[in-house]
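Structure file coords-v1.txt; described as compact mmCIF, C-alpha atoms and all ligand atoms.
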# COMPACT_ATOMS: atom_id res chain seq x y z
CA MET X 1 62.48 -20.58 64.70
CA LYS X 2 65.54 -20.00 66.90
CA ARG X 3 66.39 -16.45 68.00
CA PRO X 4 69.90 -15.45 66.99
CA ILE X 5 72.52 -14.50 69.59
CA VAL X 6 74.99 -13.10 67.07
CA GLN X 7 74.73 -11.33 63.72
CA LEU X 8 76.98 -10.87 60.72
CA VAL X 9 77.82 -7.28 59.86
CA GLY X 10 79.60 -6.33 56.63
CA THR X 11 81.39 -8.39 54.05
CA GLY X 12 84.57 -7.94 52.01
CA ARG X 13 86.68 -9.74 49.43
CA TYR X 14 89.88 -9.64 47.48
CA THR X 15 90.48 -11.56 44.29
CA PRO X 16 93.75 -11.18 42.35
CA SER X 17 93.42 -9.66 38.88
CA LYS X 18 95.66 -12.22 37.14
CA ILE X 19 93.49 -14.81 35.35
CA LEU X 20 94.51 -18.39 34.55
CA SER X 21 92.03 -19.59 31.91
CA ASN X 22 91.25 -23.10 30.73
CA GLN X 23 92.96 -22.15 27.47
CA ASP X 24 96.12 -21.25 29.42
CA LEU X 25 95.98 -24.67 31.11
CA GLU X 26 95.61 -26.39 27.73
CA ARG X 27 99.10 -25.09 27.00
CA MET X 28 100.50 -26.38 30.33
CA VAL X 29 99.08 -29.92 30.71
CA GLU X 30 97.17 -32.43 28.60
CA THR X 31 93.64 -31.16 29.15
CA SER X 32 90.90 -29.27 27.35
CA ASP X 33 88.54 -26.41 28.07
CA GLU X 34 85.65 -28.77 27.29
CA TRP X 35 86.82 -31.44 29.79
CA ILE X 36 87.32 -28.90 32.57
CA ARG X 37 83.97 -27.16 32.00
CA GLU X 38 82.01 -30.41 31.75
CA ARG X 39 83.59 -32.05 34.80
CA THR X 40 83.90 -29.00 37.06
CA GLY X 41 82.08 -25.95 35.65
CA ILE X 42 85.30 -23.92 35.91
CA ARG X 43 86.30 -21.52 33.09
CA GLU X 44 89.01 -19.56 34.84
CA ARG X 45 90.61 -18.93 38.22
CA ARG X 46 92.61 -16.08 39.83
CA ILE X 47 96.30 -16.42 40.66
CA SER X 48 98.07 -14.17 43.19
CA GLU X 49 101.23 -12.27 42.25
CA SER X 50 104.13 -12.16 44.71
CA HIS X 51 102.91 -8.96 46.45
CA GLU X 52 99.44 -10.48 46.93
CA THR X 53 100.31 -12.33 50.12
CA LEU X 54 97.66 -14.04 52.21
CA ALA X 55 97.94 -11.25 54.79
CA TYR X 56 97.58 -8.57 52.11
CA MET X 57 94.52 -10.14 50.48
CA SER X 58 92.92 -10.71 53.89
CA LYS X 59 93.66 -7.16 55.00
CA VAL X 60 91.88 -5.67 51.97
CA ALA X 61 88.84 -7.88 52.62
CA CYS X 62 88.79 -6.95 56.35
CA GLU X 63 89.10 -3.23 55.64
CA GLN X 64 85.95 -3.45 53.51
CA VAL X 65 84.13 -5.24 56.36
CA LEU X 66 85.20 -2.63 58.93
CA GLU X 67 84.11 0.20 56.63
CA VAL X 68 80.60 -1.28 56.34
CA ALA X 69 80.48 -1.95 60.11
CA GLY X 70 81.69 1.59 60.91
CA LEU X 71 84.54 0.25 63.05
CA THR X 72 88.30 0.84 63.23
CA PRO X 73 90.91 -1.95 63.43
CA GLN X 74 91.33 -1.11 67.14
CA ASP X 75 87.70 -2.13 67.75
CA VAL X 76 88.39 -5.73 66.71
CA ASP X 77 88.63 -8.20 69.63
CA ALA X 78 89.32 -11.41 67.70
CA ILE X 79 90.61 -12.42 64.27
CA LEU X 80 89.94 -15.97 63.07
CA VAL X 81 91.50 -17.03 59.76
CA GLY X 82 90.49 -20.22 57.98
CA THR X 83 93.33 -21.20 55.67
CA ALA X 84 95.43 -24.11 54.45
CA THR X 85 97.99 -21.79 52.88
CA PRO X 86 99.36 -19.40 55.52
CA ASP X 87 102.16 -17.09 54.35
CA ARG X 88 104.44 -18.97 56.75
CA LEU X 89 103.97 -21.93 59.07
CA LEU X 90 104.76 -19.92 62.18
CA PRO X 91 103.21 -17.66 63.44
CA ALA X 92 99.54 -17.99 62.50
CA ALA X 93 98.29 -16.21 59.38
CA ALA X 94 95.86 -14.38 61.67
CA CYS X 95 98.80 -12.78 63.53
CA ASP X 96 100.35 -11.56 60.28
CA LEU X 97 96.94 -10.18 59.30
CA GLN X 98 96.57 -8.53 62.70
CA ALA X 99 99.88 -6.71 62.18
CA GLU X 100 98.98 -5.61 58.61
CA LEU X 101 95.58 -4.42 59.75
CA GLY X 102 96.83 -2.67 62.90
CA ALA X 103 94.23 -4.50 65.00
CA LYS X 104 96.37 -4.29 68.11
CA ASN X 105 93.59 -5.15 70.60
CA ALA X 106 92.66 -8.48 69.03
CA ALA X 107 93.40 -12.12 69.80
CA ALA X 108 94.38 -13.81 66.53
CA PHE X 109 94.48 -17.46 65.51
CA ASP X 110 94.00 -19.80 62.55
CA LEU X 111 91.55 -22.61 61.90
CA GLY X 112 92.86 -25.63 60.04
CA ALA X 113 89.67 -26.96 58.50
CA ALA X 114 90.57 -26.58 54.79
CA CYS X 115 87.57 -25.54 52.66
CA SER X 116 85.30 -25.59 55.72
CA GLY X 117 87.57 -23.13 57.54
CA PHE X 118 85.36 -20.07 57.09
CA LEU X 119 82.26 -21.83 58.43
CA TYR X 120 84.26 -23.36 61.29
CA GLY X 121 85.36 -19.78 61.99
CA LEU X 122 81.78 -18.51 62.09
CA SER X 123 80.85 -21.30 64.48
CA ILE X 124 83.75 -20.58 66.86
CA ALA X 125 83.18 -16.82 66.63
CA GLU X 126 79.51 -17.31 67.49
CA GLY X 127 80.60 -19.06 70.70
CA LEU X 128 83.16 -16.38 71.58
CA VAL X 129 80.68 -13.56 71.07
CA ALA X 130 77.83 -15.44 72.77
CA SER X 131 80.03 -15.99 75.84
CA GLY X 132 80.45 -12.23 76.16
CA SER X 133 84.25 -12.34 76.02
CA VAL X 134 84.38 -10.89 72.49
CA GLN X 135 82.31 -8.10 70.90
CA ASN X 136 83.74 -7.86 67.40
CA ALA X 137 85.23 -10.95 65.73
CA LEU X 138 86.57 -10.78 62.19
CA VAL X 139 86.18 -14.12 60.43
CA VAL X 140 88.30 -14.60 57.33
CA GLY X 141 88.67 -17.33 54.70
CA ALA X 142 91.80 -16.86 52.60
CA GLU X 143 93.90 -19.03 50.32
CA ARG X 144 96.84 -19.00 47.93
CA LEU X 145 96.28 -22.51 46.62
CA SER X 146 98.39 -21.70 43.55
CA ARG X 147 101.40 -21.92 45.89
CA ILE X 148 100.74 -25.58 46.76
CA THR X 149 99.32 -26.71 43.41
CA ASP X 150 101.36 -28.94 41.12
CA TYR X 151 101.01 -27.40 37.65
CA THR X 152 102.22 -30.66 36.09
CA ASP X 153 99.31 -32.64 37.66
CA ARG X 154 96.24 -32.20 35.44
CA ALA X 155 93.98 -33.88 38.01
CA THR X 156 94.42 -31.02 40.49
CA CYS X 157 95.87 -27.97 38.73
CA VAL X 158 92.67 -27.22 36.83
CA LEU X 159 90.69 -26.85 40.05
CA PHE X 160 92.27 -24.30 42.35
CA GLY X 161 92.53 -20.51 42.64
CA ASP X 162 93.45 -17.73 45.08
CA GLY X 163 91.48 -15.11 47.02
CA ALA X 164 90.16 -13.92 50.37
CA GLY X 165 86.85 -12.96 51.95
CA ALA X 166 85.70 -11.82 55.38
CA THR X 167 82.82 -10.82 57.63
CA LEU X 168 82.33 -9.60 61.21
CA VAL X 169 80.46 -11.38 64.01
CA GLN X 170 78.80 -9.17 66.65
CA PRO X 171 76.07 -9.57 69.31
CA ALA X 172 72.66 -9.58 67.63
CA VAL X 173 70.68 -6.37 68.03
CA ASP X 174 67.55 -7.10 66.00
CA GLY X 175 65.52 -10.01 67.38
CA ASP X 176 65.27 -11.98 64.13
CA ARG X 177 68.49 -11.28 62.26
CA GLY X 178 71.68 -13.25 62.72
CA ILE X 179 73.02 -16.80 62.89
CA LEU X 180 70.20 -19.32 63.42
CA SER X 181 72.33 -22.48 63.46
CA THR X 182 75.85 -23.78 62.94
CA TYR X 183 77.04 -27.33 62.36
CA ILE X 184 80.63 -28.60 62.17
CA LYS X 185 81.84 -32.17 61.62
CA SER X 186 84.99 -34.10 60.62
CA ASP X 187 86.20 -37.56 59.64
CA GLY X 188 89.97 -37.83 60.00
CA THR X 189 90.06 -41.40 58.68
CA LEU X 190 89.61 -39.95 55.18
CA ALA X 191 92.57 -37.56 55.45
CA GLU X 192 94.70 -39.15 52.75
CA LEU X 193 92.10 -38.75 50.03
CA LEU X 194 92.97 -35.06 49.92
CA TYR X 195 96.18 -33.91 51.56
CA ARG X 196 99.60 -32.37 51.34
CA PRO X 197 102.00 -35.10 52.49
CA GLY X 198 105.21 -33.12 52.87
CA GLY X 199 106.40 -29.93 54.50
CA GLY X 200 105.04 -30.50 58.02
CA ALA X 201 106.81 -31.90 61.09
CA LEU X 202 106.25 -35.48 59.91
CA CYS X 203 108.07 -34.88 56.65
CA PRO X 204 110.09 -31.68 56.93
CA PRO X 205 111.68 -29.98 53.89
CA SER X 206 114.37 -32.15 52.28
CA GLU X 207 115.79 -32.93 48.87
CA GLN X 208 113.59 -36.01 48.69
CA LEU X 209 110.48 -33.95 49.40
CA LEU X 210 111.37 -31.73 46.45
CA ASN X 211 112.01 -34.74 44.21
CA ASP X 212 108.74 -36.44 45.27
CA ARG X 213 106.78 -33.22 44.78
CA SER X 214 105.10 -34.19 48.04
CA TYR X 215 104.71 -30.58 49.16
CA PHE X 216 101.89 -30.23 46.62
CA ILE X 217 98.21 -31.14 47.12
CA LYS X 218 97.40 -34.78 46.31
CA MET X 219 93.82 -35.81 45.68
CA ALA X 220 91.81 -38.92 44.89
CA GLY X 221 89.22 -36.95 42.90
CA ARG X 222 86.49 -39.54 42.47
CA GLU X 223 86.44 -40.55 46.16
CA VAL X 224 86.53 -36.92 47.25
CA PHE X 225 83.59 -36.24 44.95
CA ARG X 226 81.50 -39.02 46.50
CA SER X 227 82.27 -37.96 50.08
CA ALA X 228 81.64 -34.33 49.23
CA VAL X 229 78.13 -35.02 47.96
CA ARG X 230 77.37 -37.09 51.08
CA SER X 231 78.77 -34.63 53.60
CA MET X 232 77.27 -31.55 51.96
CA ALA X 233 73.85 -33.27 52.13
CA ASP X 234 74.37 -34.08 55.83
CA ALA X 235 75.47 -30.50 56.53
CA CYS X 236 72.38 -29.03 54.81
CA ASP X 237 70.04 -31.32 56.76
CA GLN X 238 71.65 -30.58 60.12
CA ALA X 239 71.78 -26.79 59.83
CA LEU X 240 68.25 -26.51 58.45
CA GLN X 241 66.86 -28.81 61.13
CA GLN X 242 68.63 -26.98 63.97
CA ALA X 243 67.42 -23.63 62.63
CA GLY X 244 63.87 -24.97 62.37
CA VAL X 245 63.52 -24.07 58.70
CA SER X 246 63.05 -26.05 55.48
CA GLY X 247 64.95 -25.92 52.18
CA GLU X 248 61.94 -24.24 50.54
CA GLN X 249 62.25 -21.29 52.93
CA VAL X 250 65.88 -20.62 51.96
CA ASP X 251 66.31 -17.50 49.79
CA VAL X 252 69.96 -18.05 48.87
CA LEU X 253 72.18 -21.15 49.09
CA ILE X 254 75.90 -20.48 48.99
CA PRO X 255 77.70 -23.82 48.72
CA HIS X 256 81.47 -24.20 48.75
CA GLN X 257 82.53 -23.62 45.15
CA ALA X 258 84.48 -26.77 44.28
CA ASN X 259 82.59 -28.29 41.38
CA ILE X 260 79.27 -27.44 39.70
CA ARG X 261 78.15 -31.09 39.86
CA ILE X 262 78.64 -31.19 43.65
CA ILE X 263 76.78 -27.87 43.92
CA GLU X 264 73.84 -29.17 41.85
CA ALA X 265 73.64 -32.41 43.86
CA THR X 266 73.66 -30.42 47.12
CA ALA X 267 70.89 -28.07 45.97
CA LYS X 268 68.77 -30.99 44.77
CA HIS X 269 69.15 -32.79 48.09
CA ALA X 270 68.18 -29.67 50.05
CA GLY X 271 65.16 -29.02 47.79
CA ILE X 272 66.50 -25.64 46.71
CA PRO X 273 66.07 -24.70 43.02
CA MET X 274 69.23 -23.67 41.14
CA ASP X 275 67.95 -20.10 40.66
CA LYS X 276 68.43 -19.66 44.43
CA VAL X 277 71.95 -21.12 44.38
CA TYR X 278 74.89 -18.77 44.02
CA VAL X 279 77.59 -20.01 41.67
CA ASN X 280 80.91 -18.36 40.88
CA VAL X 281 83.06 -21.48 40.50
CA ASP X 282 83.18 -20.69 36.76
CA ARG X 283 85.11 -17.46 37.47
CA PHE X 284 87.23 -18.34 40.51
CA GLY X 285 87.60 -22.13 40.61
CA ASN X 286 87.98 -23.67 44.05
CA THR X 287 89.43 -21.10 46.47
CA SER X 288 88.96 -23.43 49.47
CA ALA X 289 88.23 -21.47 52.68
CA ALA X 290 87.85 -18.26 50.67
CA SER X 291 85.08 -19.51 48.41
CA ILE X 292 82.07 -18.91 50.68
CA PRO X 293 83.06 -15.44 51.97
CA ILE X 294 83.93 -14.28 48.42
CA ALA X 295 80.52 -15.49 47.21
CA LEU X 296 78.79 -13.96 50.25
CA ASP X 297 80.34 -10.57 49.53
CA GLU X 298 79.36 -10.76 45.85
CA CYS X 299 75.76 -11.60 46.83
CA VAL X 300 75.48 -8.83 49.42
CA ARG X 301 76.99 -6.15 47.18
CA ALA X 302 74.81 -7.21 44.22
CA GLY X 303 71.65 -7.16 46.40
CA THR X 304 71.05 -10.91 45.91
CA ILE X 305 71.20 -11.12 49.71
CA ARG X 306 69.44 -8.26 51.46
CA SER X 307 68.10 -7.53 54.91
CA GLY X 308 65.86 -10.43 55.99
CA SER X 309 67.16 -12.96 53.41
CA LEU X 310 67.40 -16.52 54.75
CA VAL X 311 70.82 -17.83 53.71
CA LEU X 312 72.27 -21.35 53.91
CA LEU X 313 76.06 -21.67 53.77
CA VAL X 314 77.51 -25.16 53.34
CA ALA X 315 81.06 -26.46 52.87
CA PHE X 316 83.26 -29.55 52.81
CA GLY X 317 87.00 -29.92 52.60
CA ALA X 318 90.16 -31.82 53.38
CA GLY X 319 90.18 -33.61 56.70
CA PHE X 320 87.50 -34.45 55.81
CA THR X 321 85.65 -31.58 57.36
CA TRP X 322 82.17 -30.31 56.63
CA ALA X 323 80.07 -27.51 58.03
CA SER X 324 76.96 -25.40 57.56
CA VAL X 325 75.44 -22.18 58.83
CA VAL X 326 71.92 -20.77 58.51
CA VAL X 327 71.75 -17.01 58.84
CA ARG X 328 68.92 -14.49 58.60
CA TRP X 329 70.73 -11.55 56.97
N1 LIG H 401 91.91 -33.07 31.76
C1 LIG H 401 91.64 -34.16 31.03
N2 LIG H 401 91.52 -35.38 31.57
C2 LIG H 401 91.68 -35.49 32.89
C3 LIG H 401 91.97 -34.39 33.70
C4 LIG H 401 92.09 -33.14 33.09
N3 LIG H 401 92.34 -32.01 33.79
N4 LIG H 401 92.09 -34.81 34.98
C5 LIG H 401 91.86 -36.14 34.97
N5 LIG H 401 91.63 -36.54 33.71
C6 LIG H 401 91.35 -37.89 33.24
C7 LIG H 401 91.81 -38.96 34.17
O1 LIG H 401 93.17 -39.25 33.96
C8 LIG H 401 90.91 -40.12 33.80
O2 LIG H 401 91.42 -40.72 32.63
P1 LIG H 401 91.33 -42.33 32.47
O3 LIG H 401 89.86 -42.64 32.47
O4 LIG H 401 92.01 -42.54 31.17
O5 LIG H 401 92.07 -42.89 33.65
C9 LIG H 401 89.59 -39.44 33.40
O6 LIG H 401 89.93 -38.06 33.15
C10 LIG H 401 88.54 -39.51 34.48
O7 LIG H 401 89.16 -39.13 35.72
P2 LIG H 401 88.35 -39.01 37.05
O8 LIG H 401 89.24 -38.53 38.14
O9 LIG H 401 87.58 -40.25 37.28
O10 LIG H 401 87.32 -37.86 36.62
P3 LIG H 401 86.08 -37.30 37.39
O11 LIG H 401 84.87 -37.34 36.56
O12 LIG H 401 85.99 -37.87 38.79
O13 LIG H 401 86.45 -35.74 37.52
C11 LIG H 401 87.30 -34.28 39.18
C12 LIG H 401 87.62 -35.39 38.19
C13 LIG H 401 86.80 -33.06 38.43
C14 LIG H 401 88.56 -33.93 39.94
C15 LIG H 401 86.19 -34.77 40.15
O14 LIG H 401 86.53 -36.05 40.65
C16 LIG H 401 86.00 -33.84 41.29
O15 LIG H 401 85.56 -32.71 41.13
N6 LIG H 401 86.26 -34.31 42.54
C17 LIG H 401 86.10 -33.50 43.71
C18 LIG H 401 87.29 -32.66 43.80
C19 LIG H 401 87.15 -31.57 44.79
O16 LIG H 401 86.11 -30.96 44.90
N7 LIG H 401 88.26 -31.32 45.45
C20 LIG H 401 88.36 -30.23 46.31
C21 LIG H 401 87.96 -30.57 47.68
S1 LIG H 401 87.91 -29.15 48.61
C22 LIG H 401 89.39 -28.91 49.42
O17 LIG H 401 89.51 -29.23 50.56
C23 LIG H 401 90.53 -28.27 48.67
Output the file's structure in the form of structure tokens.
Amino acid sequence: MKRPIVQLVGTGRYTPSKILSNQDLERMVETSDEWIRERTGIRERRISESHETLAYMSKVACEQVLEVAGLTPQDVDAILVGTATPDRLLPAAACDLQAELGAKNAAAFDLGAACSGFLYGLSIAEGLVASGSVQNALVVGAERLSRITDYTDRATCVLFGDGAGATLVQPAVDGDRGILSTYIKSDGTLAELLYRPGGGALCPPSEQLLNDRSYFIKMAGREVFRSAVRSMADACDQALQQAGVSGEQVDVLIPHQANIRIIEATAKHAGIPMDKVYVNVDRFGNTSAASIPIALDECVRAGTIRSGSLVLLVAFGAGFTWASVVVRW
């Protein structure tokens, strides 16, 4: 088994208290609680209020991480934020977070890898810390998908929610504990199966953009589903192989929380029984880049993941992007 160069220290999360239930959605679009639960496993999701900005949610999550790590914001050398919903398009969400946190000694930048953003962040942070240029890197996954969701489109509005989660990457100190492997991959030819056509430089804000509703997420659900199952399987295989471990050795699998059927297919492929798979998609829906760090924090605080646990993290998202990390906690 590979010896880790970096370790993860501390976790944190923020989830808004406002709940949007399947019953609420029944009153908004033509859908049913039964349809949503059967097709996705989702019962409810969290929706941010106006004061719950991406920077605010991320700051709360990061403060929890720093408390566990025994560090101050000034100790942070790098802040990496995976998000598709920054508070504003310029500057990076990570810079707004840096200012809120008071982490004045850090470099701060975003990762545009959609739902895989947090795992892309871990992979990049591993490289930064391994190179010796960074000691303490905060890695955040945060989303306000409710702000880019079309609540008249039943095919997408039942899926998404808001939240943030974070962890810290540091040089490994204990020989066995830390990141054992990372894997990142993309296929840009599939971009238009899941995308937000308007609002960028190609199609800047205009009256037509508002009329077309093209600033909202568009998704070809069935095709995304098929690709997700394929890419999650590939990501599991690659990370396990590179770490030199098998699915049977994994104590906890945290898959991206998009859909219970994708989660079950991923676990089956990796040979990991469902009692080792963490699921919170029923409570939070798909929070994109935030889903894995929120789940990680829940597992660590509940004792589901403890010192020595072998953990497999696996994600896919728009791009398409997919990624995986094996970590000995
Ligand atoms: N309520 C009731 N009926 C619905 C709803 C709804 N909310 N949404 C769609 N339907 C209907 C469709 O109109 C269709 O009706 P029709 O047969 O009369 O045409 C029928 O249900 C079946 O639609 P499908 O899209 O084929 O349903 P499917 O079984 O594929 O489930 C779902 C749809 C849940 C979206 C599924 O395809 C899925 O989970 N895909 C992956 C989505 C995903 O994970 N996206 C996030 C990617 S991560 C990221 O980067 C953000």
The centre and edge lengths of an axis-aligned box containing all atoms of ligand LIG 401 (chain H) present in the file, extended by 6 Å on each side, are to be given in Å to one decimal, as JSON.
{"center_x": 89.0, "center_y": -35.6, "center_z": 40.8, "size_x": 20.3, "size_y": 26.6, "size_z": 31.5}
Hey, which bits of chain X sit within 9 Å of ligand LIG 401 (chain H), and for each residue what's the closest pair of atoms and how far apart in Å (one decimal), counting all atoms listed in the file, rows by chain and increasing number, as a Markdown table?
| residue | atom | partner | partner_atom | distance |
| --- | --- | --- | --- | --- |
| X:Leu25 | CA | H:LIG401 | N3 | 8.6 |
| X:Glu26 | CA | H:LIG401 | N1 | 8.6 |
| X:Val29 | CA | H:LIG401 | N3 | 7.7 |
| X:Glu30 | CA | H:LIG401 | N1 | 6.2 |
| X:Thr31 | CA | H:LIG401 | N1 | 3.7 |
| X:Ser32 | CA | H:LIG401 | N1 | 5.9 |
| X:Asp33 | CA | H:LIG401 | N1 | 8.3 |
| X:Glu34 | CA | H:LIG401 | N1 | 8.8 |
| X:Trp35 | CA | H:LIG401 | C1 | 5.7 |
| X:Ile36 | CA | H:LIG401 | N3 | 6.0 |
| X:Glu38 | CA | H:LIG401 | C13 | 8.6 |
| X:Arg39 | CA | H:LIG401 | C13 | 4.9 |
| X:Thr40 | CA | H:LIG401 | C13 | 5.2 |
| X:Gly41 | CA | H:LIG401 | C13 | 9.0 |
| X:Ala84 | CA | H:LIG401 | C23 | 8.6 |
| X:Ala113 | CA | H:LIG401 | O17 | 8.3 |
| X:Ala114 | CA | H:LIG401 | O17 | 5.1 |
| X:Cys115 | CA | H:LIG401 | O17 | 4.7 |
| X:Ser116 | CA | H:LIG401 | O17 | 7.6 |
| X:Leu145 | CA | H:LIG401 | C23 | 8.4 |
| X:Asp153 | CA | H:LIG401 | N3 | 8.0 |
| X:Arg154 | CA | H:LIG401 | N3 | 4.2 |
| X:Ala155 | CA | H:LIG401 | N4 | 3.7 |
| X:Thr156 | CA | H:LIG401 | C14 | 6.6 |
| X:Cys157 | CA | H:LIG401 | N3 | 7.3 |
| X:Val158 | CA | H:LIG401 | N3 | 5.7 |
| X:Leu159 | CA | H:LIG401 | C14 | 7.4 |
| X:Phe160 | CA | H:LIG401 | C23 | 7.7 |
| X:Leu194 | CA | H:LIG401 | O17 | 6.8 |
| X:Tyr195 | CA | H:LIG401 | O17 | 8.2 |
| X:Ile217 | CA | H:LIG401 | C23 | 8.3 |
| X:Met219 | CA | H:LIG401 | N7 | 7.2 |
| X:Ala220 | CA | H:LIG401 | O8 | 7.2 |
| X:Gly221 | CA | H:LIG401 | O14 | 3.6 |
| X:Arg222 | CA | H:LIG401 | O14 | 3.9 |
| X:Glu223 | CA | H:LIG401 | O14 | 7.1 |
| X:Val224 | CA | H:LIG401 | C17 | 4.9 |
| X:Phe225 | CA | H:LIG401 | C17 | 3.9 |
| X:Arg226 | CA | H:LIG401 | C17 | 7.7 |
| X:Ser227 | CA | H:LIG401 | C17 | 8.7 |
| X:Ala228 | CA | H:LIG401 | O16 | 7.1 |
| X:His256 | CA | H:LIG401 | S1 | 8.1 |
| X:Gln257 | CA | H:LIG401 | O16 | 8.2 |
| X:Ala258 | CA | H:LIG401 | O16 | 4.5 |
| X:Asn259 | CA | H:LIG401 | O15 | 5.3 |
| X:Ile260 | CA | H:LIG401 | O15 | 8.3 |
| X:Arg261 | CA | H:LIG401 | O15 | 7.7 |
| X:Ile262 | CA | H:LIG401 | O15 | 7.5 |
| X:Asn286 | CA | H:LIG401 | C20 | 6.9 |
| X:Thr287 | CA | H:LIG401 | C23 | 7.6 |
| X:Ser288 | CA | H:LIG401 | C23 | 5.2 |
| X:Ala289 | CA | H:LIG401 | O17 | 8.1 |
| X:Ala315 | CA | H:LIG401 | S1 | 8.5 |
| X:Phe316 | CA | H:LIG401 | S1 | 6.3 |
| X:Gly317 | CA | H:LIG401 | O17 | 3.3 |
| X:Ala318 | CA | H:LIG401 | O17 | 3.9 |
| X:Gly319 | CA | H:LIG401 | O17 | 7.6 |
| X:Phe320 | CA | H:LIG401 | O17 | 7.7 |
| X:Thr321 | CA | H:LIG401 | O17 | 8.2 |
Quiz item: How many Å lie between CA of Gln242 (chain X) and CA of Val311 (chain X), rounded to one decimal?
Solution: 13.9 Å
Practice problem: Excluding region 128-132 of chain X and residues on its chain fewer than 5 positions from it, collect all residues at most 10 Å away from it, counting only C-alpha atoms, and give them as JSON, numbers by chain. | Solution: {"X": [4, 5, 6, 7, 77, 78, 122, 123, 137, 169, 170, 171, 172]}
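For the atom pair formed by CA of Tyr151 (chain X) and CA of Leu119 (chain X), the distance is 28.5 Å, given to one decimal.
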Fill-in result for region 257-269 of chain X, N, CA, C and O atoms as an mmCIF file, in the frame of the given file:
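And here is the file that came out, part37.cif:
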data_model
loop_
_atom_site.group_PDB
_atom_site.id
_atom_site.type_symbol
_atom_site.label_atom_id
_atom_site.label_comp_id
_atom_site.auth_asym_id
_atom_site.auth_seq_id
_atom_site.Cartn_x
_atom_site.Cartn_y
_atom_site.Cartn_z
ATOM 1 N N GLN X 257 82.418 -23.595 46.619
ATOM 2 C CA GLN X 257 82.530 -23.620 45.150
ATOM 3 C C GLN X 257 83.693 -24.529 44.752
ATOM 4 O O GLN X 257 84.820 -24.062 44.526
ATOM 5 N N ALA X 258 83.435 -25.832 44.690
ATOM 6 C CA ALA X 258 84.480 -26.770 44.280
ATOM 7 C C ALA X 258 84.211 -27.314 42.887
ATOM 8 O O ALA X 258 85.131 -27.484 42.088
ATOM 9 N N ASN X 259 82.929 -27.568 42.600
ATOM 10 C CA ASN X 259 82.590 -28.290 41.380
ATOM 11 C C ASN X 259 81.087 -28.116 41.154
ATOM 12 O O ASN X 259 80.296 -28.337 42.076
ATOM 13 N N ILE X 260 80.692 -27.723 39.964
ATOM 14 C CA ILE X 260 79.270 -27.440 39.700
ATOM 15 C C ILE X 260 78.400 -28.683 39.923
ATOM 16 O O ILE X 260 77.251 -28.573 40.360
ATOM 17 N N ARG X 261 78.971 -29.875 39.683
ATOM 18 C CA ARG X 261 78.150 -31.090 39.860
ATOM 19 C C ARG X 261 77.880 -31.352 41.337
ATOM 20 O O ARG X 261 76.805 -31.825 41.712
ATOM 21 N N ILE X 262 78.847 -31.048 42.198
ATOM 22 C CA ILE X 262 78.640 -31.190 43.650
ATOM 23 C C ILE X 262 77.611 -30.147 44.111
ATOM 24 O O ILE X 262 76.716 -30.431 44.908
ATOM 25 N N ILE X 263 77.720 -28.946 43.570
ATOM 26 C CA ILE X 263 76.780 -27.870 43.920
ATOM 27 C C ILE X 263 75.358 -28.266 43.533
ATOM 28 O O ILE X 263 74.415 -28.119 44.330
ATOM 29 N N GLU X 264 75.190 -28.786 42.329
ATOM 30 C CA GLU X 264 73.840 -29.170 41.850
ATOM 31 C C GLU X 264 73.269 -30.311 42.699
ATOM 32 O O GLU X 264 72.085 -30.301 43.045
ATOM 33 N N ALA X 265 74.116 -31.287 43.045
ATOM 34 C CA ALA X 265 73.640 -32.410 43.860
ATOM 35 C C ALA X 265 73.221 -31.918 45.249
ATOM 36 O O ALA X 265 72.216 -32.386 45.810
ATOM 37 N N THR X 266 73.965 -30.959 45.791
ATOM 38 C CA THR X 266 73.660 -30.420 47.120
ATOM 39 C C THR X 266 72.320 -29.676 47.097
ATOM 40 O O THR X 266 71.465 -29.865 47.979
ATOM 41 N N ALA X 267 72.133 -28.846 46.083
ATOM 42 C CA ALA X 267 70.890 -28.070 45.970
ATOM 43 C C ALA X 267 69.694 -29.001 45.823
ATOM 44 O O ALA X 267 68.646 -28.806 46.460
ATOM 45 N N LYS X 268 69.871 -30.040 45.001
ATOM 46 C CA LYS X 268 68.770 -30.990 44.770
ATOM 47 C C LYS X 268 68.392 -31.674 46.083
ATOM 48 O O LYS X 268 67.215 -31.777 46.430
ATOM 49 N N HIS X 269 69.412 -32.122 46.823
ATOM 50 C CA HIS X 269 69.150 -32.790 48.090
ATOM 51 C C HIS X 269 68.386 -31.876 49.048
ATOM 52 O O HIS X 269 67.471 -32.318 49.747
#
